[in-house]
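> my_file-v6.txt is the file, holding compact mmCIF, N, CA, C and O atoms:
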```txt
# COMPACT_ATOMS: atom_id res chain seq x y z
N MET A 22 13.55 24.63 44.50
CA MET A 22 14.82 24.00 44.19
C MET A 22 15.68 23.95 45.44
O MET A 22 15.43 24.67 46.39
N LYS A 23 16.70 23.15 45.34
CA LYS A 23 17.62 23.01 46.46
C LYS A 23 19.02 23.40 45.99
O LYS A 23 19.47 22.94 44.95
N PHE A 24 19.68 24.25 46.79
CA PHE A 24 21.00 24.72 46.44
C PHE A 24 21.97 24.50 47.60
O PHE A 24 21.56 24.39 48.75
N VAL A 25 23.25 24.45 47.25
CA VAL A 25 24.32 24.52 48.24
C VAL A 25 25.19 25.70 47.81
O VAL A 25 25.25 26.05 46.63
N ALA A 26 25.84 26.31 48.79
CA ALA A 26 26.68 27.47 48.50
C ALA A 26 27.90 27.47 49.40
O ALA A 26 27.87 26.92 50.50
N VAL A 27 28.95 28.12 48.90
CA VAL A 27 30.15 28.36 49.69
C VAL A 27 30.42 29.85 49.60
O VAL A 27 30.44 30.42 48.50
N THR A 28 30.60 30.48 50.75
CA THR A 28 31.01 31.88 50.78
C THR A 28 32.39 31.94 51.41
O THR A 28 32.69 31.21 52.35
N SER A 29 33.23 32.83 50.85
CA SER A 29 34.59 32.92 51.37
C SER A 29 35.20 34.26 50.99
O SER A 29 35.07 34.71 49.85
N CYS A 30 35.83 34.88 51.97
CA CYS A 30 36.61 36.09 51.72
C CYS A 30 37.95 35.90 52.43
O CYS A 30 38.09 34.98 53.23
N PRO A 31 38.92 36.74 52.14
CA PRO A 31 40.25 36.51 52.71
C PRO A 31 40.28 36.36 54.23
O PRO A 31 41.00 35.52 54.75
N THR A 32 39.49 37.14 54.96
CA THR A 32 39.48 36.98 56.42
C THR A 32 38.39 36.03 56.88
O THR A 32 38.51 35.41 57.91
N GLY A 33 37.33 35.93 56.10
CA GLY A 33 36.27 34.98 56.43
C GLY A 33 35.44 35.38 57.62
O GLY A 33 34.85 34.53 58.29
N ILE A 34 35.37 36.65 57.90
CA ILE A 34 34.59 37.09 59.06
C ILE A 34 33.35 37.83 58.58
O ILE A 34 32.29 37.25 58.48
N ALA A 35 33.46 39.09 58.27
CA ALA A 35 32.27 39.91 57.99
C ALA A 35 31.61 39.57 56.66
O ALA A 35 30.43 39.20 56.63
N HIS A 36 32.34 39.70 55.56
CA HIS A 36 31.71 39.53 54.25
C HIS A 36 31.22 38.11 54.01
O HIS A 36 30.15 37.91 53.44
N SER A 37 31.99 37.12 54.43
CA SER A 37 31.56 35.73 54.26
C SER A 37 30.26 35.47 55.00
O SER A 37 29.35 34.82 54.47
N GLN A 38 30.17 35.97 56.23
CA GLN A 38 28.96 35.78 57.03
C GLN A 38 27.77 36.53 56.44
O GLN A 38 26.66 36.00 56.37
N MET A 39 27.99 37.78 56.02
CA MET A 39 26.90 38.56 55.43
C MET A 39 26.41 37.91 54.15
O MET A 39 25.20 37.83 53.90
N ALA A 40 27.33 37.43 53.33
CA ALA A 40 26.95 36.76 52.08
C ALA A 40 26.14 35.50 52.37
O ALA A 40 25.11 35.25 51.73
N ALA A 41 26.58 34.71 53.35
CA ALA A 41 25.86 33.49 53.72
C ALA A 41 24.45 33.81 54.19
O ALA A 41 23.48 33.17 53.76
N GLU A 42 24.34 34.80 55.07
CA GLU A 42 23.02 35.17 55.59
C GLU A 42 22.12 35.68 54.48
O GLU A 42 20.93 35.33 54.43
N ASN A 43 22.65 36.49 53.56
CA ASN A 43 21.85 37.00 52.45
C ASN A 43 21.38 35.89 51.54
O ASN A 43 20.22 35.87 51.11
N LEU A 44 22.27 34.95 51.23
CA LEU A 44 21.88 33.83 50.38
C LEU A 44 20.81 32.97 51.05
O LEU A 44 19.83 32.57 50.41
N GLU A 45 21.00 32.69 52.34
CA GLU A 45 20.02 31.88 53.06
C GLU A 45 18.66 32.55 53.09
O GLU A 45 17.64 31.93 52.79
N GLN A 46 18.63 33.83 53.43
CA GLN A 46 17.36 34.56 53.53
C GLN A 46 16.68 34.69 52.17
O GLN A 46 15.49 34.47 52.04
N THR A 47 17.46 35.05 51.17
CA THR A 47 16.90 35.25 49.84
C THR A 47 16.36 33.95 49.26
O THR A 47 15.24 33.93 48.73
N ALA A 48 17.13 32.89 49.34
CA ALA A 48 16.66 31.60 48.82
C ALA A 48 15.38 31.17 49.52
O ALA A 48 14.42 30.74 48.86
N THR A 49 15.33 31.31 50.83
CA THR A 49 14.14 30.95 51.60
C THR A 49 12.96 31.81 51.18
O THR A 49 11.85 31.29 50.95
N ASP A 50 13.17 33.11 51.05
CA ASP A 50 12.10 34.02 50.64
C ASP A 50 11.55 33.67 49.26
O ASP A 50 10.37 33.88 48.98
N LEU A 51 12.41 33.12 48.40
CA LEU A 51 11.99 32.75 47.05
C LEU A 51 11.46 31.32 46.97
O LEU A 51 11.15 30.83 45.89
N GLY A 52 11.39 30.65 48.13
CA GLY A 52 10.82 29.31 48.17
C GLY A 52 11.78 28.18 47.89
O GLY A 52 11.36 27.06 47.59
N HIS A 53 13.08 28.45 48.01
CA HIS A 53 14.10 27.43 47.77
C HIS A 53 14.73 26.99 49.09
O HIS A 53 14.62 27.68 50.09
N GLU A 54 15.41 25.85 49.03
CA GLU A 54 16.20 25.39 50.17
C GLU A 54 17.67 25.65 49.85
O GLU A 54 18.08 25.53 48.69
N ILE A 55 18.44 25.98 50.87
CA ILE A 55 19.87 26.21 50.64
C ILE A 55 20.66 25.86 51.90
O ILE A 55 20.20 26.10 53.01
N ASP A 56 21.81 25.25 51.69
CA ASP A 56 22.79 25.01 52.76
C ASP A 56 24.02 25.80 52.38
O ASP A 56 24.49 25.72 51.23
N VAL A 57 24.56 26.58 53.32
CA VAL A 57 25.70 27.44 53.02
C VAL A 57 26.87 27.11 53.94
O VAL A 57 26.73 27.10 55.15
N GLU A 58 28.01 26.87 53.32
CA GLU A 58 29.27 26.67 54.03
C GLU A 58 30.05 27.97 53.99
O GLU A 58 30.16 28.59 52.93
N VAL A 59 30.58 28.40 55.13
CA VAL A 59 31.38 29.62 55.21
C VAL A 59 32.84 29.22 55.42
O VAL A 59 33.15 28.44 56.33
N GLN A 60 33.72 29.75 54.57
CA GLN A 60 35.14 29.48 54.69
C GLN A 60 35.88 30.77 54.97
O GLN A 60 35.50 31.83 54.47
N GLY A 61 36.93 30.67 55.77
CA GLY A 61 37.73 31.85 56.07
C GLY A 61 38.92 31.50 56.93
O GLY A 61 39.28 30.33 57.08
N ALA A 62 39.49 32.52 57.53
CA ALA A 62 40.67 32.34 58.36
C ALA A 62 40.42 31.41 59.54
O ALA A 62 41.32 30.76 60.04
N MET A 63 39.17 31.33 59.97
CA MET A 63 38.82 30.49 61.11
C MET A 63 38.50 29.05 60.70
O MET A 63 38.06 28.25 61.51
N GLY A 64 38.68 28.73 59.41
CA GLY A 64 38.35 27.38 58.93
C GLY A 64 36.98 27.37 58.27
O GLY A 64 36.52 28.38 57.77
N GLN A 65 36.32 26.21 58.34
CA GLN A 65 35.01 26.06 57.72
C GLN A 65 33.93 26.01 58.78
O GLN A 65 34.10 25.40 59.82
N GLU A 66 32.80 26.65 58.46
CA GLU A 66 31.61 26.56 59.30
C GLU A 66 30.51 25.94 58.45
O GLU A 66 30.38 26.27 57.28
N ASN A 67 29.71 25.08 59.05
CA ASN A 67 28.59 24.44 58.35
C ASN A 67 29.05 23.70 57.10
O ASN A 67 28.47 23.86 56.02
N GLU A 68 30.09 22.88 57.25
CA GLU A 68 30.64 22.15 56.10
C GLU A 68 29.54 21.37 55.39
O GLU A 68 28.73 20.68 56.02
N LEU A 69 29.49 21.49 54.07
CA LEU A 69 28.48 20.82 53.27
C LEU A 69 28.72 19.31 53.26
O LEU A 69 29.85 18.87 53.02
N SER A 70 27.69 18.56 53.47
CA SER A 70 27.81 17.10 53.41
C SER A 70 27.75 16.64 51.96
O SER A 70 27.22 17.34 51.08
N SER A 71 28.28 15.47 51.70
CA SER A 71 28.23 14.93 50.34
C SER A 71 26.78 14.70 49.92
O SER A 71 26.43 14.85 48.75
N ASP A 72 25.90 14.35 50.88
CA ASP A 72 24.48 14.16 50.57
C ASP A 72 23.84 15.48 50.14
O ASP A 72 23.08 15.52 49.18
N ALA A 73 24.13 16.56 50.86
CA ALA A 73 23.57 17.87 50.51
C ALA A 73 24.01 18.28 49.12
O ALA A 73 23.21 18.80 48.32
N ILE A 74 25.27 18.04 48.80
CA ILE A 74 25.80 18.38 47.48
C ILE A 74 25.11 17.54 46.41
O ILE A 74 24.68 18.06 45.37
N ALA A 75 24.98 16.25 46.65
CA ALA A 75 24.35 15.36 45.67
C ALA A 75 22.88 15.71 45.43
O ALA A 75 22.38 15.56 44.32
N GLU A 76 22.20 16.20 46.45
CA GLU A 76 20.78 16.53 46.34
C GLU A 76 20.54 17.92 45.74
O GLU A 76 19.43 18.25 45.35
N ALA A 77 21.60 18.73 45.64
CA ALA A 77 21.45 20.11 45.16
C ALA A 77 21.18 20.16 43.67
O ALA A 77 21.71 19.37 42.89
N ASP A 78 20.33 21.12 43.29
CA ASP A 78 20.07 21.37 41.88
C ASP A 78 21.18 22.22 41.26
O ASP A 78 21.42 22.16 40.05
N ALA A 79 21.86 23.02 42.08
CA ALA A 79 22.97 23.84 41.61
C ALA A 79 23.80 24.29 42.81
O ALA A 79 23.36 24.23 43.95
N VAL A 80 25.01 24.75 42.50
CA VAL A 80 25.97 25.22 43.50
C VAL A 80 26.26 26.69 43.25
O VAL A 80 26.43 27.11 42.11
N ILE A 81 26.32 27.46 44.34
CA ILE A 81 26.71 28.86 44.27
C ILE A 81 28.02 29.01 45.04
O ILE A 81 28.09 28.62 46.21
N ILE A 82 29.03 29.54 44.38
CA ILE A 82 30.28 29.86 45.07
C ILE A 82 30.45 31.38 45.00
O ILE A 82 30.61 31.94 43.92
N ALA A 83 30.35 32.02 46.15
CA ALA A 83 30.54 33.47 46.27
C ALA A 83 31.82 33.65 47.06
O ALA A 83 31.82 33.56 48.29
N ALA A 84 32.92 33.87 46.35
CA ALA A 84 34.21 33.85 47.02
C ALA A 84 35.22 34.79 46.38
O ALA A 84 35.22 34.98 45.17
N ASP A 85 36.06 35.35 47.23
CA ASP A 85 37.19 36.15 46.79
C ASP A 85 38.49 35.40 47.06
O ASP A 85 39.57 35.98 46.96
N THR A 86 38.37 34.15 47.42
CA THR A 86 39.52 33.29 47.65
C THR A 86 39.32 32.03 46.81
O THR A 86 38.25 31.80 46.26
N SER A 87 40.33 31.22 46.74
CA SER A 87 40.25 29.98 45.99
C SER A 87 39.40 28.96 46.77
O SER A 87 39.65 28.70 47.94
N VAL A 88 38.39 28.42 46.10
CA VAL A 88 37.54 27.40 46.70
C VAL A 88 37.70 26.14 45.86
O VAL A 88 37.52 26.17 44.64
N ASN A 89 38.06 25.04 46.50
CA ASN A 89 38.22 23.77 45.80
C ASN A 89 36.87 23.32 45.26
O ASN A 89 35.92 23.15 46.00
N ARG A 90 36.80 23.14 43.95
CA ARG A 90 35.54 22.77 43.29
C ARG A 90 35.40 21.28 43.03
O ARG A 90 34.40 20.85 42.45
N ASP A 91 36.37 20.48 43.43
CA ASP A 91 36.34 19.04 43.13
C ASP A 91 35.05 18.37 43.56
O ASP A 91 34.50 17.55 42.84
N ARG A 92 34.55 18.70 44.72
CA ARG A 92 33.35 18.04 45.22
C ARG A 92 32.08 18.49 44.51
O ARG A 92 31.02 17.91 44.69
N PHE A 93 32.18 19.53 43.67
CA PHE A 93 31.03 20.03 42.92
C PHE A 93 31.14 19.70 41.43
O PHE A 93 30.43 20.26 40.61
N GLU A 94 32.03 18.78 41.09
CA GLU A 94 32.41 18.50 39.71
C GLU A 94 31.24 18.30 38.75
O GLU A 94 31.26 18.81 37.64
N ASP A 95 30.23 17.58 39.14
CA ASP A 95 29.13 17.26 38.23
C ASP A 95 27.89 18.11 38.45
O ASP A 95 26.82 17.79 37.93
N GLU A 96 28.02 19.18 39.21
CA GLU A 96 26.86 20.01 39.53
C GLU A 96 26.88 21.31 38.74
O GLU A 96 27.94 21.89 38.50
N PRO A 97 25.71 21.81 38.34
CA PRO A 97 25.65 23.15 37.74
C PRO A 97 26.20 24.16 38.75
O PRO A 97 25.88 24.07 39.94
N LEU A 98 27.02 25.10 38.29
CA LEU A 98 27.74 25.97 39.21
C LEU A 98 27.68 27.43 38.78
O LEU A 98 27.81 27.74 37.60
N VAL A 99 27.47 28.29 39.76
CA VAL A 99 27.52 29.74 39.56
C VAL A 99 28.64 30.27 40.45
O VAL A 99 28.67 29.97 41.64
N LYS A 100 29.55 31.05 39.87
CA LYS A 100 30.67 31.62 40.63
C LYS A 100 30.58 33.13 40.55
O LYS A 100 30.31 33.69 39.50
N ALA A 101 30.79 33.79 41.68
CA ALA A 101 30.73 35.24 41.76
C ALA A 101 31.60 35.72 42.91
O ALA A 101 31.91 34.95 43.82
N PRO A 102 31.97 37.00 42.89
CA PRO A 102 32.67 37.56 44.05
C PRO A 102 31.74 37.57 45.27
O PRO A 102 30.52 37.66 45.12
N VAL A 103 32.31 37.50 46.45
CA VAL A 103 31.51 37.48 47.67
C VAL A 103 30.63 38.73 47.76
O VAL A 103 29.51 38.69 48.25
N LYS A 104 31.13 39.85 47.24
CA LYS A 104 30.38 41.11 47.25
C LYS A 104 29.02 40.97 46.55
O LYS A 104 28.05 41.58 46.96
N GLU A 105 28.97 40.14 45.51
CA GLU A 105 27.71 39.95 44.79
C GLU A 105 26.66 39.26 45.66
O GLU A 105 25.48 39.59 45.59
N ALA A 106 27.09 38.34 46.51
CA ALA A 106 26.15 37.68 47.42
C ALA A 106 25.69 38.64 48.51
O ALA A 106 24.58 38.51 49.03
N VAL A 107 26.52 39.61 48.85
CA VAL A 107 26.14 40.61 49.85
C VAL A 107 25.16 41.61 49.24
O VAL A 107 24.14 41.94 49.84
N ASN A 108 25.44 42.05 48.00
CA ASN A 108 24.65 43.12 47.38
C ASN A 108 23.52 42.64 46.49
O ASN A 108 22.56 43.39 46.27
N ASP A 109 23.62 41.44 45.91
CA ASP A 109 22.62 40.96 44.96
C ASP A 109 22.41 39.46 45.08
O ASP A 109 22.54 38.72 44.10
N ALA A 110 22.05 39.01 46.26
CA ALA A 110 21.81 37.58 46.48
C ALA A 110 20.69 37.08 45.58
O ALA A 110 20.74 35.96 45.07
N GLU A 111 19.68 37.92 45.34
CA GLU A 111 18.57 37.50 44.49
C GLU A 111 19.05 37.21 43.06
O GLU A 111 18.62 36.24 42.44
N GLY A 112 19.96 38.04 42.57
CA GLY A 112 20.53 37.80 41.25
C GLY A 112 21.32 36.51 41.18
O GLY A 112 21.24 35.77 40.20
N LEU A 113 22.07 36.22 42.23
CA LEU A 113 22.83 34.96 42.27
C LEU A 113 21.91 33.75 42.32
O LEU A 113 22.14 32.76 41.63
N VAL A 114 20.86 33.83 43.11
CA VAL A 114 19.90 32.72 43.19
C VAL A 114 19.23 32.55 41.82
O VAL A 114 19.05 31.42 41.35
N ALA A 115 18.88 33.64 41.16
CA ALA A 115 18.27 33.56 39.83
C ALA A 115 19.22 32.89 38.83
O ALA A 115 18.79 32.06 38.02
N ARG A 116 20.50 33.22 38.91
CA ARG A 116 21.49 32.58 38.04
C ARG A 116 21.59 31.09 38.35
O ARG A 116 21.73 30.27 37.43
N ALA A 117 21.52 30.73 39.62
CA ALA A 117 21.58 29.31 40.01
C ALA A 117 20.36 28.56 39.49
O ALA A 117 20.47 27.41 39.04
N VAL A 118 19.19 29.19 39.55
CA VAL A 118 17.97 28.57 39.01
C VAL A 118 18.15 28.33 37.51
O VAL A 118 17.84 27.25 36.99
N ALA A 119 18.67 29.33 36.80
CA ALA A 119 18.90 29.20 35.36
C ALA A 119 19.90 28.08 35.07
O ALA A 119 19.70 27.29 34.14
N GLU A 120 20.98 27.99 35.85
CA GLU A 120 21.96 26.91 35.68
C GLU A 120 21.30 25.56 35.89
O GLU A 120 21.51 24.62 35.12
N ALA A 121 20.51 25.45 36.95
CA ALA A 121 19.85 24.18 37.26
C ALA A 121 18.89 23.78 36.15
O ALA A 121 18.74 22.60 35.84
N ASP A 122 18.25 24.77 35.54
CA ASP A 122 17.31 24.52 34.45
C ASP A 122 18.01 24.37 33.11
O ASP A 122 17.35 24.14 32.10
N GLY A 123 19.34 24.56 33.08
CA GLY A 123 20.08 24.45 31.84
C GLY A 123 19.87 25.63 30.92
O GLY A 123 20.09 25.53 29.72
N GLU A 124 19.47 26.77 31.48
CA GLU A 124 19.15 27.95 30.68
C GLU A 124 20.22 29.02 30.74
O GLU A 124 20.06 30.07 30.12
N ALA A 125 21.27 28.82 31.48
CA ALA A 125 22.28 29.87 31.66
C ALA A 125 23.05 30.10 30.37
O ALA A 125 23.37 29.17 29.65
N SER A 126 23.35 31.34 30.11
CA SER A 126 24.18 31.66 28.95
C SER A 126 25.64 31.46 29.33
O SER A 126 25.99 31.54 30.50
N THR A 127 26.47 31.26 28.36
CA THR A 127 27.89 31.05 28.66
C THR A 127 28.51 32.32 29.24
O THR A 127 29.42 32.25 30.03
N ALA A 128 27.97 33.49 28.89
CA ALA A 128 28.51 34.73 29.43
C ALA A 128 28.22 34.86 30.91
O ALA A 128 29.01 35.41 31.66
N GLY A 129 27.08 34.36 31.37
CA GLY A 129 26.70 34.52 32.76
C GLY A 129 27.00 33.32 33.62
O GLY A 129 26.87 33.37 34.82
N SER A 130 27.40 32.22 33.01
CA SER A 130 27.64 31.02 33.82
C SER A 130 29.04 31.06 34.39
O SER A 130 29.90 31.80 33.94
N ALA A 131 29.25 30.20 35.35
CA ALA A 131 30.53 30.20 36.05
C ALA A 131 31.34 28.96 35.73
O ALA A 131 32.07 28.46 36.56
N GLY A 132 31.18 28.40 34.58
CA GLY A 132 31.92 27.22 34.24
C GLY A 132 33.40 27.47 34.07
O GLY A 132 34.19 26.56 34.10
N ALA A 133 33.78 28.71 33.93
CA ALA A 133 35.20 29.04 33.72
C ALA A 133 35.96 29.01 35.01
O ALA A 133 35.47 29.20 36.06
```
Just dump the structure as structure tokens.


Amino acid sequence: MKFVAVTSCPTGIAHSQMAAENLEQTATDLGHEIDVEVQGAMGQENELSSDAIAEADAVIIAADTSVNRDRFEDEPLVKAPVKEAVNDAEGLVARAVAEADGEASTAGSAGA
């Protein structure tokens, strides 16, 4: 599967970068493709293209700050604190797979 993700923490330095690296490594290890945008005090790094978003099977937002979701409006979405991407990237990727497959429960999905 193909995913896009946004990681963001208030400073956007350590945790955002660690979360992005964990998501990238974990998705690759599990045989998926992923593009990750990092947001923080320094602005955006690796901004997601509209093509990457359109081609994605699901979106992962791992953030402790407000992330504008308008560009992900029609995509299956998983939302979690940035800490979850640092500590359990595999769990987040599994949730994204379930969302993409339409199997996510309302309790575990991030539609809220």

> So, with only C-alpha atoms as the atoms that count, which of A:Leu69, A:Ala119, A:Val107, A:Val88 lies closest to Leu44 of chain A?

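Closest candidate: A:Val107.
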
> Considering only N, CA, C and O atoms, state which residue in the set A:Glu58, A:Met22, A:Asp78, A:Thr32 is at the smallest distance from Gly123 of chain A.

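With only N, CA, C and O atoms as the atom set, the closest residue is A:Asp78.
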
> Among chain A, which residues does DSSP mark as strand (DSSP E) when it is run on the backbone? Keep the chain and numbering as in the structure and answer as a ChimeraX atom specification.

/A:23-29,54-61,64-66,79-84,98-101

> How many Å lie between atom O of Arg116 of chain A and atom CA of Ile82 of chain A, rounded to one decimal?

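Straight-line distance from atom O of Arg116 of chain A to atom CA of Ile82 of chain A works out to 11.5 Å.
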
> Just to confirm, what's the straight-line distance from atom CA of Glu120 of chain A to atom O of Glu68 of chain A in Å (one decimal)?

22.3 Å

> List every residue of chain A that DSSP, applied to the backbone of this structure, places in alpha helix (DSSP H), and write the result as a ChimeraX atom specification.

/A:35-50,71-76,103-108,110-121

> Which residue gives the smallest distance to Ala110 of chain A among A:Glu54, A:Ala77, A:Val27, A:Thr47, with only C-alpha atoms counted?

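Closest to Ala110 of chain A of all the choices is A:Thr47.
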
> Could you tell me how far atom CA of Glu124 of chain A sits from atom N of Ser37 of chain A, in Å to one decimal place?

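Separation between atom N of Ser37 of chain A and atom CA of Glu124 of chain A: 28.5 Å.
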
> Residues around (18.6, 32.9, 53.8), cut-off 12 Å, counting only C-alpha atoms - what are they as a list in words?

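The residues near that point, listed by chain and number, are Phe24, Val25, Ala26, Gln38, Met39, Ala40, Ala41, Glu42, Asn43, Leu44, Glu45, Gln46, Thr47, Ala48, Thr49, Asp50, Leu51, Gly52, His53, Glu54, Ile55, Asp56, Val57, Ala106, Val107, Ala110, Glu111 and Val114 of chain A.
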
> Which residue is closest to Ser29 of chain A? Choose from A:Ala84, A:Lys100, A:Asp91, A:Ser70 and count all atoms listed in the file.

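Of all the options, A:Ala84 lies closest to Ser29 of chain A.
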
> Can you sort out the box for segment 85-97 of chain A, edges along x, y and z, all listed atoms in, 3 Å on every side, with centre and edge lengths in Å to one decimal, as lines of an AutoDock Vina configuration file?


```
center_x = 33.0
center_y = 26.7
center_z = 42.8
size_x = 20.7
size_y = 24.9
size_z = 16.3
```

> Contacts of Thr28 of chain A at 4.5 Å or less, counting only N, CA, C and O atoms, minus same-chain residues fewer than 4 places along, as a list in words?

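Close residues of Thr28 of chain A: Glu58, Val59, Gln60 and Ala83 of chain A.
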
> Choose the residue, out of A:Ala121, A:Asp72, A:Gly64, A:Leu113, that has the smallest atom-to-atom separation from Glu96 of chain A; count all atoms listed in the file.

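Once distances to Glu96 of chain A are computed over all atoms listed in the file, the minimum belongs to A:Ala121.
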